[in-house]
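A quick write-up on the structure given underneath.
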Amino acid sequence: MGDKTGVIIYINGPVIKADNMQDFRMREMVTVSDKKLIGEVISIDGSIGTIQVYEETSGLKVGQKVYGTGKPLSLKLGPGIIGNIFDGIERPLNYIYKKSGNFIGEGIGLASIDLSHIWKTDISVNIGDELKEGDVFGAVQETPLIKHYLMVPPGISGKVIFKVDNGNYNMEEVLVKLEKGNASFELKMYQEWPIRTPRPIKQRLPIQKPLITGQRVIDTFFPIAKGGTAAIPGGFGTGKTMTQHQIAKWSDADIIVYVGCGERGNEMTEVLEDFPKLIDPVSGLSLMNRTILIANTSNMPVAAREASIYTGVTIAEYFRDMGYNVAVMADSTSRWAEALREISGRLEEMPAEEGYPAYLPSRLAEFYERAGYVKTLCDKEASVTIIGAVSPAGGDFSEPVTQNTKRFVNVFLGLDRKLAYARHYPAINWLSSYSGYLTSLEEWYKDNVAEDMMELRGEMLSILQEESDLLEVVKLVGEDVLPDDQRLTLEIAKVIKIGYLQQNAFHKEDTYVPLNKQYEMLKIIDLLYKESKEAIKEGIPISKVKSPEIYEKVVKMKYTIPNEYKNEFDDLSNEIKSYFEGLMHTYDMNAYER
Amino acid sequence: MLMKGDNMIKEYTQLDKIEGPLIILSGVENVSYDEIVEIRTKSGVKHGKVVQLYKDKAIVQVFEPTSGLSVKDVSVKFTGNPLTISLSKDILGRVFNGIGEPIDGGGNVFGGVKRDVNGRPMNPVAREYPRNFIQTGISAIDCLTTLIRGQKLPVFSGNGLPHNELAAQIVKQAKISDEENGEFAIVFAAMGLKHDDAQFFLKSFEESGVLQRVVMFLNLADDPVVERIITPRCALTAAEYLAFEENMHILVIMTDMTSYCEALREISSAKEEVPGRKGYPGYLYSDLASLYERAGMMKTSKGSITQIPILTMPNDDITNPIPDLTGYITEGQIVLSRDIYQRNVYPPINILPSLSRLAKDGIGEGYTREDHPGLANQIFAAYSKVQEVKALSQVIGEDELSDIDKKYLQFGKAFEYEFLNQSFDENRSMEETLDLGWKVLSILPESELDRIDSKLIEKYYRRG
């Protein structure tokens, strides 16, 4: 198959055309010229094929050859992926660094996980066992956190006729042989899978569990589900990347795939430097033990940017098939869409909205639909969650990428420039954001956190809604003229905003807050609100009700009460109760004396 | 067919078509994408590069104006190489034109290395995350949008605002805090800069005694537009050489990025490409990124490249594609405001949309001072509240404001006139800046400070 060759006739940036391509297939991976630049066939018209090239095309010539590989752009999936950083087509950046130094050259050729690496392998099948696709035949402890299960690739099944003993093997070693009828299959430690095809599953299951992020505004107000989809749109400087990093650091997914798609080089370096030092709150081990990075920074070739998010999600699906809950962060999907637009423009396709190709919505849908809570081929419950950042041009959410993304995701965490300017982080706007998983997760919250968690959430949100209405009035007449009960709403909203919604990513307690503390905090705020309201009903003026000391204590409880609290919340709630008791008492006395 | 050495280089004497900055030739052989082309005419040599190849046709983008060019009477030679410039440490103190040719009468640069001006993307694993702050002596920057060595921090300005002064002041004052490790130099790239602005920079470099440490690449307002595409690439190639091969700390000033983007748009429309927003090509983001991402630090080298690109926002509109895309790539931005400038405040930095993304890892205990992050955060929050109060006071009048709101107005004034405002020659130390921050913040009652740790308030807040 490898002897087909095309001849280049056209070069325009990352798009080239070649003649004599009739034997090539759509989406086939090719190598271009003697430099072996990697490309993919994206259209065939008679004998003319169009190829997008994943590397710099400087120096290419008309008349040079295009070589077929006979297979679609695919990834090698096996041990050695976790803790690693790859480019958009799964070439390890460390390997590229060794080959071409500080700057990324072209013609690195095909590279992938290190196949010569020797892993301590346990084989869990015996001769004579019948295996079907997706079945586990062995395992490798890839990192202290993650056991890498070796699976029969999709589409293959049979009886075990050969197996090696437990021991140390490199990745090219045949570990197990299967026989089915006349055909036999050799299973190695890795398998290959095309990036644009979703990996098969047994069935999709309904959403049932939240992805706990430790971020109050997300967990309490707009929860993301395991197997769900979320979008984080926001103009520059509103904290998309910060939010993504926080989720990557603290969420309770087993594995994180972080795709830096057209973003800053320093951000990837930051992750590389920070994550090994960060400790996972659940396991106590370094976060790098569960993190996979895909980096196509904004100055790396644009065609590989288009591929990078598929690479990310394919790796995620592979680990999902082992039974893990995987979360994919794509930062940012807008750069991916722009890469699509750039290539489409070079192909001279008819543009739809704002120059984006007409197939933008369908591509977005295909991508987000690869998320899901599923039963895998080997009957395990597992999930892929996709969280995509969106960078709308001019911060305007009405642009095509944001609008179309909104159609296909269930959680929308809109970042707000105004909040960011006031350094209210995370700058998630509580009025425009939503989560479509509330009803499906309600049960879970009831069983695992508290019966009234969602009720409290609703109450808090309605206070915030009321505040926003009142602020319209305040803008016109000032706060002083409002009646006391409305002023109380403003004060409590302030407590919620500063004391609850704002979360300090740089504070060692506040950066990650477990759900039970979130609940206790909500209860305290609710108590403060109810007691204050009661007092105001009794005719006590707001100036008395709003005790600076008590209110400040509530606002600062996120810092002062540790995540492993004991009875601090009870103490605080007693303090609030006794303050208001005292207040009511003195007020009653005064009234009596009068 | 294989190449048989350099003597195979053919010359072509006929053009098919000349269109704006593009020329089209046919019958070409063995031409590679992106290579440099020499076009000889009777009046001199022009340069260009191959931007598209189709069968035996090549489209070449000419860097100099194509006026005077005819389809005959030319000789076109394909050099087989991308555009390179010669570099050595001797470039310090030199002046080059927009495509890297010396224009100061000092002759060519000899004995150095040749480097492709397009550069190559830096491998993220080779990068070193920047953490050391650069003291600029400007309070608004040092305290609120701290500049970090290896950062790309653009200035978003408007026509007639003092962005040149600000850049010159940074150059003048930043060098002082940088005596300990390594040498310091400035690479200056001017794209479509006015003659008098260029003079201003020259004069201010001279006055601050850094002229011998400046490398200038000048494409002035009346120089060929197409050259502008090359200018920042030459400058950044020089900066990379000095930073990563000569281990120097380089500050790159690029002005005006708006002219650069307009040049890109002009060429794109001549190439009949599908336009994106406001007629700018769809690849504007990638193209800008290929410049901005060349800032940074590397593990194998002591040097660094810090970029301060300057752009003038058309119609002061921050949502225009140029500032918008820039903001998405750079690590923050310093936004100048006409409103504040009109109140006679220099530098007229509007701190609310301004941001330094790298500051979080370069300030605070061990870097600047323990109270710095909280203080900065509180000033942002309070100044944002000032805007709300101002809007309210316009409706109900200042007298009707509550006492606390009046305090906020007072804080806003003090902040702008005492903290923000400083003279062109005033060089404040970090300590002074932070103390000044506490001074203006102490106008507000202690209970309003909700972003700072109570221990720090105890220590720094000024009572009475």
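Scheme for the structure tokens: letters A, B, ... for chains in order shown; per-chain residue numbers from 1; ligand numbers from 1 in order shown.
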Skip segment 215-223 of chain A itself and residues of its chain fewer than 4 positions away, then list as a PyMOL selection string all residues within 6 Å of it, counting only C-alpha atoms. chain A and resi 434-435+501
Same residues, N, CA and C atoms, output as a CSV table (one decimal), in the first residue's frame:
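The result, written out as result-v1.csv:
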chain,number,residue,atom,x,y,z
A,434,TYR,N,-25.7,28.8,32.8
A,434,TYR,CA,-26.7,27.8,33.1
A,434,TYR,C,-26.1,26.4,33.1
A,435,SER,N,-26.8,25.5,33.8
A,435,SER,CA,-26.4,24.1,33.7
A,435,SER,C,-27.6,23.3,33.4
A,501,LEU,N,-19.2,33.4,45.9
A,501,LEU,CA,-18.9,33.2,44.5
A,501,LEU,C,-17.4,33.5,44.2
So that I can check the surroundings of Phe424 of chain B, please list as a ChimeraX atom specification every protein, DNA and RNA residue that reaches within 7 Å of it, counting only C-alpha atoms and ignoring chain neighbours fewer than 2 positions away. /B:169,422,426
Output the selection as a compact mmCIF listing (two decimals), in the first residue's frame - all heavy atoms for each residue.
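Saved to result_22.txt:
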# COMPACT_ATOMS: atom_id res chain seq x y z
N GLN B 169 9.79 55.90 28.49
CA GLN B 169 10.05 55.93 29.93
C GLN B 169 10.37 54.53 30.46
O GLN B 169 11.25 54.36 31.30
CB GLN B 169 8.83 56.51 30.66
CG GLN B 169 9.13 56.78 32.13
CD GLN B 169 7.99 57.51 32.84
OE1 GLN B 169 6.93 57.74 32.25
NE2 GLN B 169 8.19 57.86 34.09
N GLN B 422 2.29 60.59 37.38
CA GLN B 422 3.68 60.85 37.73
C GLN B 422 4.35 61.49 36.53
O GLN B 422 3.82 61.41 35.42
CB GLN B 422 4.39 59.57 38.18
CG GLN B 422 4.58 58.52 37.12
CD GLN B 422 5.16 57.24 37.71
OE1 GLN B 422 4.44 56.36 38.15
NE2 GLN B 422 6.47 57.14 37.72
N GLU B 426 9.93 60.76 36.54
CA GLU B 426 9.84 60.26 37.90
C GLU B 426 10.00 58.74 37.92
O GLU B 426 9.29 58.02 37.22
CB GLU B 426 8.48 60.65 38.48
CG GLU B 426 8.40 60.48 39.97
CD GLU B 426 7.04 60.95 40.50
OE1 GLU B 426 6.28 61.56 39.73
OE2 GLU B 426 6.75 60.66 41.66
Should the cut-off be 6 Å, what would the residue list for chain B against chain A look like, counting only C-alpha atoms, as a PyMOL selection string? chain B and resi 31-34+52-55+120-124+126+129+274+276+282-283+289-290+319+324+327-328+352-353+380-381+384+392
So, counting only C-alpha atoms, which residue among B:Gly397, B:Pro102, B:Pro321, B:Gly48 is closest to Val215 of chain B? B:Pro102
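Around Leu572 of chain A, within 12 Å and counting only C-alpha atoms, the residues found are Glu520, Met521, Lys523, Ile524, Ile525, Leu527, Leu528, Glu549, Ile550, Tyr551, Glu552, Lys553, Val554, Val555, Lys556, Met557, Thr560, Ile561, Tyr565, Lys566, Asn567, Glu568, Ile576, Lys577, Ser578 and Tyr579 of chain A, once anything fewer than 4 positions away on its own chain is removed.
Atom CA of Arg149 of chain B is positioned 14.0 Å from atom CA of Thr368 of chain B.
Between atom CA of Glu165 of chain B and atom CA of Gly364 of chain B there is a distance of 28.5 Å.
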Which parts of segment 114-255 of chain A does DSSP call strand (DSSP E) when run on the backbone here, written out as number ranges by chain? A: 118-123, 130-131, 136-141, 147-151, 158-163, 167-170, 176-180, 183-187, 191-194, 203-204, 210-211, 224-225, 229-233, 255
Let's have the selection written as a compact mmCIF listing (two decimals), in the first residue's frame, with C-alpha atoms.
# COMPACT_ATOMS: atom_id res chain seq x y z
CA ILE A 118 10.14 -1.52 28.84
CA TRP A 119 7.12 -1.91 31.07
CA LYS A 120 6.44 -4.39 33.82
CA THR A 121 3.46 -6.22 32.41
CA ASP A 122 0.89 -8.47 34.02
CA ILE A 123 -1.08 -10.73 31.74
CA GLU A 130 -12.34 -16.48 24.62
CA LEU A 131 -11.75 -12.72 24.32
CA VAL A 136 -8.71 -6.59 29.19
CA PHE A 137 -5.86 -9.04 28.74
CA GLY A 138 -3.25 -7.44 30.91
CA ALA A 139 -2.16 -4.34 32.77
CA VAL A 140 0.77 -2.03 33.29
CA GLN A 141 1.16 0.31 36.26
CA LYS A 147 -3.14 1.35 36.05
CA HIS A 148 -3.06 1.06 32.29
CA TYR A 149 -5.26 -1.82 31.16
CA LEU A 150 -4.28 -3.54 27.95
CA MET A 151 -7.36 -4.17 25.87
CA GLY A 158 -10.89 -14.86 19.37
CA LYS A 159 -9.43 -17.59 21.51
CA VAL A 160 -6.10 -17.10 23.26
CA ILE A 161 -3.54 -19.43 21.67
CA PHE A 162 -0.41 -17.78 22.99
CA LYS A 163 0.51 -15.62 25.90
CA GLY A 167 7.41 -9.78 33.14
CA ASN A 168 9.15 -6.86 31.52
CA TYR A 169 8.40 -6.25 27.88
CA ASN A 170 8.85 -3.49 25.38
CA VAL A 176 -1.03 -12.42 23.34
CA LYS A 177 -2.16 -14.17 20.17
CA LEU A 178 -5.80 -14.71 19.37
CA GLU A 179 -7.25 -17.12 16.87
CA LYS A 180 -10.63 -16.96 15.29
CA ALA A 183 -7.49 -15.68 11.18
CA SER A 184 -5.10 -14.93 13.99
CA PHE A 185 -4.30 -11.65 15.67
CA GLU A 186 -1.22 -10.51 17.54
CA LEU A 187 -1.82 -8.20 20.46
CA GLN A 191 -3.15 -0.24 19.55
CA GLU A 192 -3.80 2.29 16.81
CA TRP A 193 -6.94 4.30 16.32
CA PRO A 194 -7.93 6.98 13.76
CA GLN A 203 -24.15 1.77 25.31
CA ARG A 204 -24.67 5.31 26.52
CA PRO A 210 -21.33 15.51 38.92
CA LEU A 211 -17.76 16.27 38.03
CA ILE A 224 -20.87 19.93 35.29
CA ALA A 225 -21.70 16.24 34.98
CA THR A 229 -20.24 18.95 28.07
CA ALA A 230 -19.49 22.50 29.11
CA ALA A 231 -18.38 25.67 27.39
CA ILE A 232 -16.51 28.55 28.99
CA PRO A 233 -16.73 31.57 26.72
CA ILE A 255 -7.47 11.48 34.08
For a test of reading the model, state the distance in Å between atom CA of Val37 of chain B and atom CA of Phe78 of chain B, rounded to one decimal. 4.6 Å
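Residues surrounding Ala376 of chain B within 10 Å are A:Arg423, B:Ala140, B:Asp142, B:Cys143, B:Leu144, B:Thr145, B:Ala382, B:Leu434, B:Gly437, B:Trp438, B:Arg451, B:Ile452 [only C-alpha atoms; sequence separation below 6 positions excluded].
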Write out as an NGL selection string all residues of segment 124-276 of chain A that backbone DSSP assigns to helix (DSSP H, G or I). :A and (216-221 or 240-250 or 265-276)
Output C-alpha atoms for every residue in the selection just made, as a PDB file, in the first residue's frame.
ATOM      1  CA  ARG A 216     -18.063  26.849  44.444  1.00  0.00           C
ATOM      2  CA  VAL A 217     -19.719  28.681  41.591  1.00  0.00           C
ATOM      3  CA  ILE A 218     -19.519  25.576  39.425  1.00  0.00           C
ATOM      4  CA  ASP A 219     -20.303  22.825  41.922  1.00  0.00           C
ATOM      5  CA  THR A 220     -23.114  24.653  43.659  1.00  0.00           C
ATOM      6  CA  PHE A 221     -24.615  26.820  40.996  1.00  0.00           C
ATOM      7  CA  LYS A 240     -10.854  31.208  30.718  1.00  0.00           C
ATOM      8  CA  THR A 241      -7.488  29.595  31.073  1.00  0.00           C
ATOM      9  CA  MET A 242      -7.448  30.131  34.832  1.00  0.00           C
ATOM     10  CA  THR A 243     -10.826  28.417  35.134  1.00  0.00           C
ATOM     11  CA  GLN A 244      -9.685  25.556  32.906  1.00  0.00           C
ATOM     12  CA  HIS A 245      -6.508  25.183  34.934  1.00  0.00           C
ATOM     13  CA  GLN A 246      -8.467  25.135  38.176  1.00  0.00           C
ATOM     14  CA  ILE A 247     -10.727  22.381  36.859  1.00  0.00           C
ATOM     15  CA  ALA A 248      -7.733  20.456  35.528  1.00  0.00           C
ATOM     16  CA  LYS A 249      -6.053  20.734  38.899  1.00  0.00           C
ATOM     17  CA  TRP A 250      -8.856  19.964  41.282  1.00  0.00           C
ATOM     18  CA  GLY A 265       3.480  28.761  24.902  1.00  0.00           C
ATOM     19  CA  ASN A 266       4.101  30.068  28.406  1.00  0.00           C
ATOM     20  CA  GLU A 267       0.782  28.650  29.573  1.00  0.00           C
ATOM     21  CA  MET A 268       1.833  25.156  28.570  1.00  0.00           C
ATOM     22  CA  THR A 269       5.183  25.697  30.269  1.00  0.00           C
ATOM     23  CA  GLU A 270       3.342  26.846  33.364  1.00  0.00           C
ATOM     24  CA  VAL A 271       1.342  23.617  33.450  1.00  0.00           C
ATOM     25  CA  LEU A 272       4.528  21.640  32.900  1.00  0.00           C
ATOM     26  CA  GLU A 273       6.241  23.412  35.774  1.00  0.00           C
ATOM     27  CA  ASP A 274       3.302  23.633  38.188  1.00  0.00           C
ATOM     28  CA  PHE A 275       1.456  20.354  37.873  1.00  0.00           C
ATOM     29  CA  PRO A 276       4.264  18.063  38.995  1.00  0.00           C
TER      30      PRO A 276
END
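Considering the residues B:Arg428, B:Lys390, B:Lys459, B:Arg131 and counting only C-alpha atoms, Lys407 of chain B has its shortest atom-to-atom contact with B:Lys390.
In this comparison, which uses only C-alpha atoms, the residue of A:Ser383, A:Gln465, A:Thr376, A:Ser362 approaching Phe408 of chain A most closely is A:Ser362.
Proximity to Lys49 of chain B at 7 Å, evaluated using only C-alpha atoms and with sequence-adjacent residues fewer than 6 positions away removed, yields Asp34, Glu35, Ile36, Val37, Val60, Gln61 and Val62 of chain B.
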Filtering to C-alpha atoms, could you give me those residues as a PDB file, in the first residue's frame?
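Ended up saving to selection.pdb:
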ATOM      1  CA  ASP B  34       8.507  30.725   0.776  1.00  0.00           C
ATOM      2  CA  GLU B  35      11.906  31.198  -0.880  1.00  0.00           C
ATOM      3  CA  ILE B  36      13.378  34.621  -1.564  1.00  0.00           C
ATOM      4  CA  VAL B  37      13.360  36.083  -5.040  1.00  0.00           C
ATOM      5  CA  VAL B  60       5.756  36.318  -5.718  1.00  0.00           C
ATOM      6  CA  GLN B  61       5.087  38.995  -3.163  1.00  0.00           C
ATOM      7  CA  VAL B  62       7.497  41.902  -3.668  1.00  0.00           C
TER       8      VAL B  62
END
Find, counting only C-alpha atoms, the residue in A:Ala382, A:Leu438, A:Val328, A:Ala304 that gets nearest to Ile292 of chain A. A:Val328
